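**Student:** Sharing a structure, written as structure tokens. Questions coming.
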Amino acid sequence: MIDLNGKRVIVVGTGISGIGSAKLLEENGAIPVIYDGNTKVVKEEVKEKLVQGSKAEIIIGEFPAEILEDISLAVLSPGVPTDADFVLCMKEKKIPVWGEIELAYNYGKGRVIAITGTNGKTTTTSLVGQIMQEYYDSVYIVGNIGNPYTQAAPLMNEETVSVAEISSFQLETIEYFHPQVSAILNITPDHLNRHHTMGNYVAAKEAITMNQTKDDYCVLNYENEYTRDFGERCPAQVVFFSSARRLENGIYLDGEDIYLAKDGKTTRLMNVKTDMNLVGICNIENVMAAIGISMNAGVPMENILGTIKRFVAVEHRIEYVATKKGVMYYNDSKATNTDAAIQGIKAMDKPTVLIGGGYDKGSEYDDWIQSFDGKVKLLVLIGQTREKIAECARRNGFEKIVFADSFEDALDICVKEAKNGDAVLLSPACASWGMFPNYEVRGRMFKEYVNKLGE
């Protein structure tokens, strides 16, 4: 652990992550200087979120470079780009730049399981977390899943198991972070407006293994080109899973059954139709990843499989909402990129009215449109990307498109167009920003609307 007692530490951002970091630093004797460039942030409101009697300094607006003279460390919130001018200024002055994950790891205790990937992180982290909680006494589910790692760190002991969902943004700012078991579920183009190149994005994901050794484990998807290739240079012991082929060593799907091949012996583990509540090939992959993670974190297989049988879908991820007048409604608001949205389409087994569109992250939509595969009877488009997606759809021969002027307008159209035996799927392939604060609000609005519909 690096001792920051008495040291001045700049914390960038006043959201959950920034406040959590400031509190943890102050509890351990450091002196936080909280900075936020958003001039709409009110100092008094930030102060109210801190511990009573906090000595933290709060700076709002233009960044005062002179404060860096006696700063020992910078802690960035995940939304702060590492190539922002003031961050580059800190790096020039040789000030270490951490994120909330690294700071929490510095003060936390026990073992760490870390999960990343473009898609499937939240479901896999929730499932692994439940498996751990049902087997170990002290377990915290933290990170990008919405529970700040910094809040849990002071509560940990040497027996604690932390299950952390880690985003590419958070992986840009790790230094000593060392999980005993890691997982990269898949890598497909995303967040290129932040990372600039696919190479940078892939490198950020692979950094989850940066401090691992052959005493540790890394669970990888054999059916993803990036993760399969990474297996050859991964510093940890690799555990592969596959949804498309039998593996000599690893976890794989064959027909409707999941098998474990290890040390020349193959064991049937479970049936995906009768032994799990989740739908879609993406969730079968999440379950296989969870098995690989959990068995290498010391949980007996019978316990792992028992928890999987009880586990239900994560909110906003191909989440069944209700059936109204013979139409099944699914909330897949967490599909904020095309690869996630493709998994939503794959999970549908009936004619589908699809709601798509939202904030433009610089994505291309051809693969998503091509995955419709005769299932999508109507595409209802909303938000900033609707013109771009419509143009892409027509280029790919899909013409059944309608624009909606608001989210409620989109839902009204779906109710009108969906017939008995159809499905309505909210799976936007875009971020929610601009219309909603986050994908959770978008998903909950969808569910509230559906649940108010008459039978």
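Residues are named by chain letter and number: chains run A, B, ... in the order of the structure tokens, numbers start at 1 in each chain, and ligands are numbered from 1 in the order shown.
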Determine which residues of segment 184-263 of chain A DSSP labels as helix (DSSP H, G or I) from the backbone of this structure, then write them out as a list in words.
**Tutor:**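 Restricting segment 184-263 of chain A to helix (DSSP H, G or I) produces Leu192, Asn193, Arg194, His195, Met198, Gly199, Asn200, Tyr201, Val202, Ala203, Ala204, Lys205, Glu206, Ala207, Ile208, Thr209, Glu225, Tyr226, Thr227, Arg228, Asp229 and Phe230 of chain A.
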**Student:** In Å, rounded to a single decimal, give me how far atom CA of Gly99 of chain A is from atom CA of Arg8 of chain A.
**Tutor:**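 Result for atom CA of Arg8 of chain A versus atom CA of Gly99 of chain A: 15.8 Å, one decimal.
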**Student:** Calculated over only C-alpha atoms, which of the candidates A:Ile95, A:Ala404, A:Ile382, A:Leu155 has the smallest distance to Tyr107 of chain A?
**Tutor:**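 Checking each of A:Ile95, A:Ala404, A:Ile382, A:Leu155 against Tyr107 of chain A, counting only C-alpha atoms, the winner is A:Leu155.
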**Student:** Rounded to one decimal place, report the atom CA of Phe403 of chain A-atom CA of Ile355 of chain A distance in Å.
**Tutor:**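 Computing it gives 9.9 Å between the two atoms.
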**Student:** Would you mind telling me which residue in A:Leu24, A:Tyr252, A:Asp83, A:Glu206 lies nearest to Phe230 of chain A when using only C-alpha atoms?
**Tutor:**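 Closest residue, counting only C-alpha atoms: A:Glu206.
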**Student:** Which of segment 92-257 of chain A counts as strand (DSSP E) under DSSP, as a PyMOL selection string please?
**Tutor:** chain A and resi 97-99+111-116+139-143+161-165+181-184+217-221+237-242+250-254+257
**Student:** In Å, rounded to a single decimal, give me how far atom CA of Lys375 of chain A is from atom CA of Pro351 of chain A.
**Tutor:**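 Going from atom CA of Pro351 of chain A over to atom CA of Lys375 of chain A covers 5.1 Å.
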**Student:** Using only C-alpha atoms, which residues sit within 9 Å of Thr173 of chain A once same-chain residues fewer than 4 positions away are excluded, as a tab-separated table (two decimals) with N, CA and C atoms, in the first residue's frame?
**Tutor:**
chain	number	residue	atom	x	y	z
A	75	VAL	N	-6.33	11.67	-8.89
A	75	VAL	CA	-7.31	10.59	-9.03
A	75	VAL	C	-8.41	11.08	-9.96
A	76	LEU	N	-8.53	10.45	-11.12
A	76	LEU	CA	-9.51	10.85	-12.13
A	76	LEU	C	-10.79	10.03	-12.02
A	78	PRO	N	-13.89	8.19	-13.98
A	78	PRO	CA	-13.80	7.48	-15.27
A	78	PRO	C	-14.14	8.33	-16.48
A	82	THR	N	-7.94	10.81	-20.33
A	82	THR	CA	-6.55	10.85	-19.86
A	82	THR	C	-5.68	11.75	-20.74
A	97	VAL	N	-1.03	9.46	-12.02
A	97	VAL	CA	-2.45	9.63	-12.33
A	97	VAL	C	-3.15	8.28	-12.16
A	98	TRP	N	-4.02	8.21	-11.16
A	98	TRP	CA	-4.79	6.99	-10.89
A	98	TRP	C	-6.26	7.24	-11.19
A	99	GLY	N	-7.04	6.15	-11.20
A	99	GLY	CA	-8.49	6.22	-11.21
A	99	GLY	C	-9.03	5.70	-9.90
A	100	GLU	N	-10.35	5.70	-9.76
A	100	GLU	CA	-10.98	5.22	-8.53
A	100	GLU	C	-10.62	3.77	-8.24
A	101	ILE	N	-10.50	2.94	-9.28
A	101	ILE	CA	-10.19	1.51	-9.10
A	101	ILE	C	-8.83	1.34	-8.44
A	102	GLU	N	-7.83	2.06	-8.94
A	102	GLU	CA	-6.48	1.96	-8.39
A	102	GLU	C	-6.43	2.46	-6.95
A	169	PHE	N	-12.38	2.69	-19.57
A	169	PHE	CA	-12.00	4.00	-19.02
A	169	PHE	C	-11.24	3.81	-17.70
**Student:** Pick from A:Ile115, A:Ala431, A:Cys234, A:Ile10: nearest to Glu69 of chain A, with only C-alpha atoms counted?
**Tutor:**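 Comparing A:Ile115, A:Ala431, A:Cys234, A:Ile10 against Glu69 of chain A, the winner is A:Ile10.
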**Student:** I need the residue nearest Gly146 of chain A from this list: A:Thr336, A:Ser126, A:Gln133, A:Ser294. Use only C-alpha atoms for the distance.
**Tutor:** A:Ser126
**Student:** Can you pull out the residues contacting Asn283 of chain A? Cut-off 10 Å, using only C-alpha atoms, and skip same-chain residues under 6 positions away; I want them as an MDAnalysis selection string.
**Tutor:** chainID A and resid 120 123:124 272 276:277 289 313 317:318 343 347
**Student:** Would you write out those residues with N, CA and C atoms, as a PDB file, in the first residue's frame?
**Tutor:**
ATOM      1  N   GLY A 120     -21.617  -7.765 -21.801  1.00  0.00           N
ATOM      2  CA  GLY A 120     -21.788  -8.887 -20.867  1.00  0.00           C
ATOM      3  C   GLY A 120     -21.196  -8.674 -19.496  1.00  0.00           C
ATOM      4  N   THR A 123     -23.944  -8.494 -16.423  1.00  0.00           N
ATOM      5  CA  THR A 123     -24.574  -9.792 -16.138  1.00  0.00           C
ATOM      6  C   THR A 123     -23.568 -10.749 -15.516  1.00  0.00           C
ATOM      7  N   THR A 124     -22.372 -10.841 -16.104  1.00  0.00           N
ATOM      8  CA  THR A 124     -21.359 -11.772 -15.597  1.00  0.00           C
ATOM      9  C   THR A 124     -20.906 -11.373 -14.202  1.00  0.00           C
ATOM     10  N   VAL A 272     -28.717 -25.610 -21.052  1.00  0.00           N
ATOM     11  CA  VAL A 272     -29.000 -24.177 -21.079  1.00  0.00           C
ATOM     12  C   VAL A 272     -30.496 -23.871 -21.143  1.00  0.00           C
ATOM     13  N   MET A 276     -31.034 -22.777 -16.633  1.00  0.00           N
ATOM     14  CA  MET A 276     -30.773 -21.342 -16.470  1.00  0.00           C
ATOM     15  C   MET A 276     -31.979 -20.530 -16.908  1.00  0.00           C
ATOM     16  N   ASN A 277     -32.126 -19.353 -16.293  1.00  0.00           N
ATOM     17  CA  ASN A 277     -33.285 -18.486 -16.554  1.00  0.00           C
ATOM     18  C   ASN A 277     -33.001 -17.419 -17.605  1.00  0.00           C
ATOM     19  N   ALA A 289     -18.460 -18.014 -18.872  1.00  0.00           N
ATOM     20  CA  ALA A 289     -17.392 -17.186 -18.287  1.00  0.00           C
ATOM     21  C   ALA A 289     -17.465 -17.223 -16.758  1.00  0.00           C
ATOM     22  N   ALA A 313     -32.244 -12.572 -14.815  1.00  0.00           N
ATOM     23  CA  ALA A 313     -31.612 -11.571 -15.684  1.00  0.00           C
ATOM     24  C   ALA A 313     -31.350 -10.257 -14.960  1.00  0.00           C
ATOM     25  N   ARG A 317     -30.980  -5.810 -19.418  1.00  0.00           N
ATOM     26  CA  ARG A 317     -30.217  -6.632 -20.371  1.00  0.00           C
ATOM     27  C   ARG A 317     -31.090  -7.784 -20.843  1.00  0.00           C
ATOM     28  N   ILE A 318     -31.716  -7.624 -21.997  1.00  0.00           N
ATOM     29  CA  ILE A 318     -32.689  -8.589 -22.553  1.00  0.00           C
ATOM     30  C   ILE A 318     -33.635  -9.035 -21.434  1.00  0.00           C
ATOM     31  N   GLN A 343     -26.812  -9.094 -29.975  1.00  0.00           N
ATOM     32  CA  GLN A 343     -27.167 -10.193 -29.057  1.00  0.00           C
ATOM     33  C   GLN A 343     -28.650 -10.134 -28.695  1.00  0.00           C
ATOM     34  N   ALA A 347     -31.519 -13.113 -29.482  1.00  0.00           N
ATOM     35  CA  ALA A 347     -32.319 -13.730 -28.418  1.00  0.00           C
ATOM     36  C   ALA A 347     -33.810 -13.766 -28.756  1.00  0.00           C
TER      37      ALA A 347
END
**Student:** Excluding Met288 of chain A and any residue of its chain fewer than 2 positions from it, enumerate the residues within 8 Å of it, using only C-alpha atoms, and give them as an MDAnalysis selection string.
**Tutor:** chainID A and resid 241 251:252 258 284:286 290:292
**Student:** Using only N, CA and C atoms, please write the residues we just selected to a file, as a tab-separated table (two decimals), in the first residue's frame.
**Tutor:**
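Contents of the output file part.tsv:
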chain	number	residue	atom	x	y	z
A	241	PHE	N	-13.46	-20.14	-23.02
A	241	PHE	CA	-14.82	-20.67	-23.17
A	241	PHE	C	-15.24	-20.46	-24.62
A	251	ILE	N	-14.27	-24.48	-21.31
A	251	ILE	CA	-15.72	-24.65	-21.11
A	251	ILE	C	-16.38	-24.36	-22.45
A	252	TYR	N	-17.28	-25.26	-22.88
A	252	TYR	CA	-17.86	-25.05	-24.20
A	252	TYR	C	-19.32	-25.51	-24.26
A	258	ILE	N	-23.64	-27.46	-21.66
A	258	ILE	CA	-22.33	-26.87	-21.39
A	258	ILE	C	-21.44	-27.95	-20.79
A	284	ILE	N	-25.52	-17.30	-22.52
A	284	ILE	CA	-24.84	-18.60	-22.39
A	284	ILE	C	-23.35	-18.37	-22.25
A	285	GLU	N	-22.81	-17.42	-23.04
A	285	GLU	CA	-21.39	-17.09	-22.93
A	285	GLU	C	-21.08	-16.48	-21.56
A	286	ASN	N	-21.97	-15.63	-21.06
A	286	ASN	CA	-21.77	-15.03	-19.73
A	286	ASN	C	-21.74	-16.11	-18.65
A	290	ALA	N	-18.68	-17.12	-16.23
A	290	ALA	CA	-18.85	-17.15	-14.77
A	290	ALA	C	-18.39	-18.47	-14.17
A	291	ILE	N	-18.64	-19.56	-14.88
A	291	ILE	CA	-18.17	-20.87	-14.41
A	291	ILE	C	-16.64	-20.88	-14.36
A	292	GLY	N	-16.01	-20.40	-15.46
A	292	GLY	CA	-14.55	-20.38	-15.51
A	292	GLY	C	-13.94	-19.51	-14.42
